[in-house]
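Heads up, the thing below is written out as structure tokens.
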Amino acid sequence: MADIILKLAGALIFLSITCGVARLVIGRTVVDRIVAIDMLTVVSIALIALYAHLSGRFVYIDVALVYGLLSFLAVLAIARFLERRR
């Protein structure tokens, strides 16, 4: 049962990556593209966590946490830049 859940999680992660890349490519505004990039970082964090579980090396969870923090700070910086550009 757990094997089926892990395969389903992997399939949903790759479906999310496909949708994120599609939004990144066809996004009409800069904000659409930034949201798509932010979504892709969240999905990649989920992929890192899934890999950590499958490989049994939970040090990757720390990598995912740091990546999430850096992603959050990057989105804040981009939002401030776009706000000042108006």
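Scheme for the structure tokens: letters A, B, ... for chains in order shown; per-chain residue numbers from 1; ligand numbers from 1 in order shown.
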At a cut-off of 12 Å, can you tabulate as CSV every residue of range 44-82 of chain A near range 17-30 of chain A together with its closest atom pair and the distance in Å to one decimal, using only C-alpha atoms and ordering rows by chain then number?
residue,atom,partner,partner_atom,distance
A:Ser44,CA,A:Ile17,CA,8.2
A:Ile45,CA,A:Ile17,CA,11.5
A:Ala46,CA,A:Ile17,CA,10.8
A:Leu47,CA,A:Ile17,CA,9.9
A:Ile78,CA,A:Val30,CA,10.4
A:Ala79,CA,A:Val30,CA,10.5
A:Phe81,CA,A:Val30,CA,11.9
A:Leu82,CA,A:Val30,CA,9.0
Restricting the output to N, CA, C and O atoms, write the selected residues as a PDB file, in the first residue's frame.
ATOM      1  N   SER A  44       9.562  21.324  -6.146  1.00  0.00           N
ATOM      2  CA  SER A  44      10.890  20.710  -6.058  1.00  0.00           C
ATOM      3  C   SER A  44      11.246  20.374  -4.611  1.00  0.00           C
ATOM      4  O   SER A  44      11.948  19.388  -4.360  1.00  0.00           O
ATOM      5  N   ILE A  45      10.751  21.136  -3.663  1.00  0.00           N
ATOM      6  CA  ILE A  45      10.952  20.804  -2.251  1.00  0.00           C
ATOM      7  C   ILE A  45      10.240  19.486  -1.936  1.00  0.00           C
ATOM      8  O   ILE A  45      10.778  18.626  -1.232  1.00  0.00           O
ATOM      9  N   ALA A  46       9.031  19.328  -2.477  1.00  0.00           N
ATOM     10  CA  ALA A  46       8.311  18.061  -2.292  1.00  0.00           C
ATOM     11  C   ALA A  46       9.067  16.911  -2.941  1.00  0.00           C
ATOM     12  O   ALA A  46       9.125  15.800  -2.389  1.00  0.00           O
ATOM     13  N   LEU A  47       9.671  17.155  -4.089  1.00  0.00           N
ATOM     14  CA  LEU A  47      10.459  16.119  -4.754  1.00  0.00           C
ATOM     15  C   LEU A  47      11.689  15.746  -3.934  1.00  0.00           C
ATOM     16  O   LEU A  47      12.033  14.562  -3.814  1.00  0.00           O
ATOM     17  N   ILE A  78      11.908  39.860  -5.018  1.00  0.00           N
ATOM     18  CA  ILE A  78      11.348  40.148  -6.340  1.00  0.00           C
ATOM     19  C   ILE A  78      10.080  40.982  -6.205  1.00  0.00           C
ATOM     20  O   ILE A  78       9.853  41.915  -6.990  1.00  0.00           O
ATOM     21  N   ALA A  79       9.254  40.683  -5.220  1.00  0.00           N
ATOM     22  CA  ALA A  79       8.026  41.453  -5.013  1.00  0.00           C
ATOM     23  C   ALA A  79       8.346  42.903  -4.662  1.00  0.00           C
ATOM     24  O   ALA A  79       7.690  43.830  -5.162  1.00  0.00           O
ATOM     25  N   PHE A  81      11.046  44.515  -5.537  1.00  0.00           N
ATOM     26  CA  PHE A  81      11.583  45.122  -6.755  1.00  0.00           C
ATOM     27  C   PHE A  81      10.451  45.524  -7.697  1.00  0.00           C
ATOM     28  O   PHE A  81      10.458  46.622  -8.249  1.00  0.00           O
ATOM     29  N   LEU A  82       9.482  44.642  -7.864  1.00  0.00           N
ATOM     30  CA  LEU A  82       8.369  44.952  -8.766  1.00  0.00           C
ATOM     31  C   LEU A  82       7.495  46.067  -8.198  1.00  0.00           C
ATOM     32  O   LEU A  82       6.938  46.864  -8.953  1.00  0.00           O
TER      33      LEU A  82
END
Residue neighbourhood Gly10 in chain A, 12 Å, only C-alpha atoms, exclusion window fewer than 2 positions, as a list of chain:residue names: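 Everything that qualifies: A:Asp3, A:Ile4, A:Ile5, A:Leu6, A:Lys7, A:Leu8, A:Leu12, A:Ile13, A:Phe14, A:Leu15, A:Ser16, A:Ile17, A:Val43, A:Ser44, A:Ala46, A:Leu47, A:Ile48, A:Ala49, A:Leu50, A:Tyr51, A:His53, A:Leu54.
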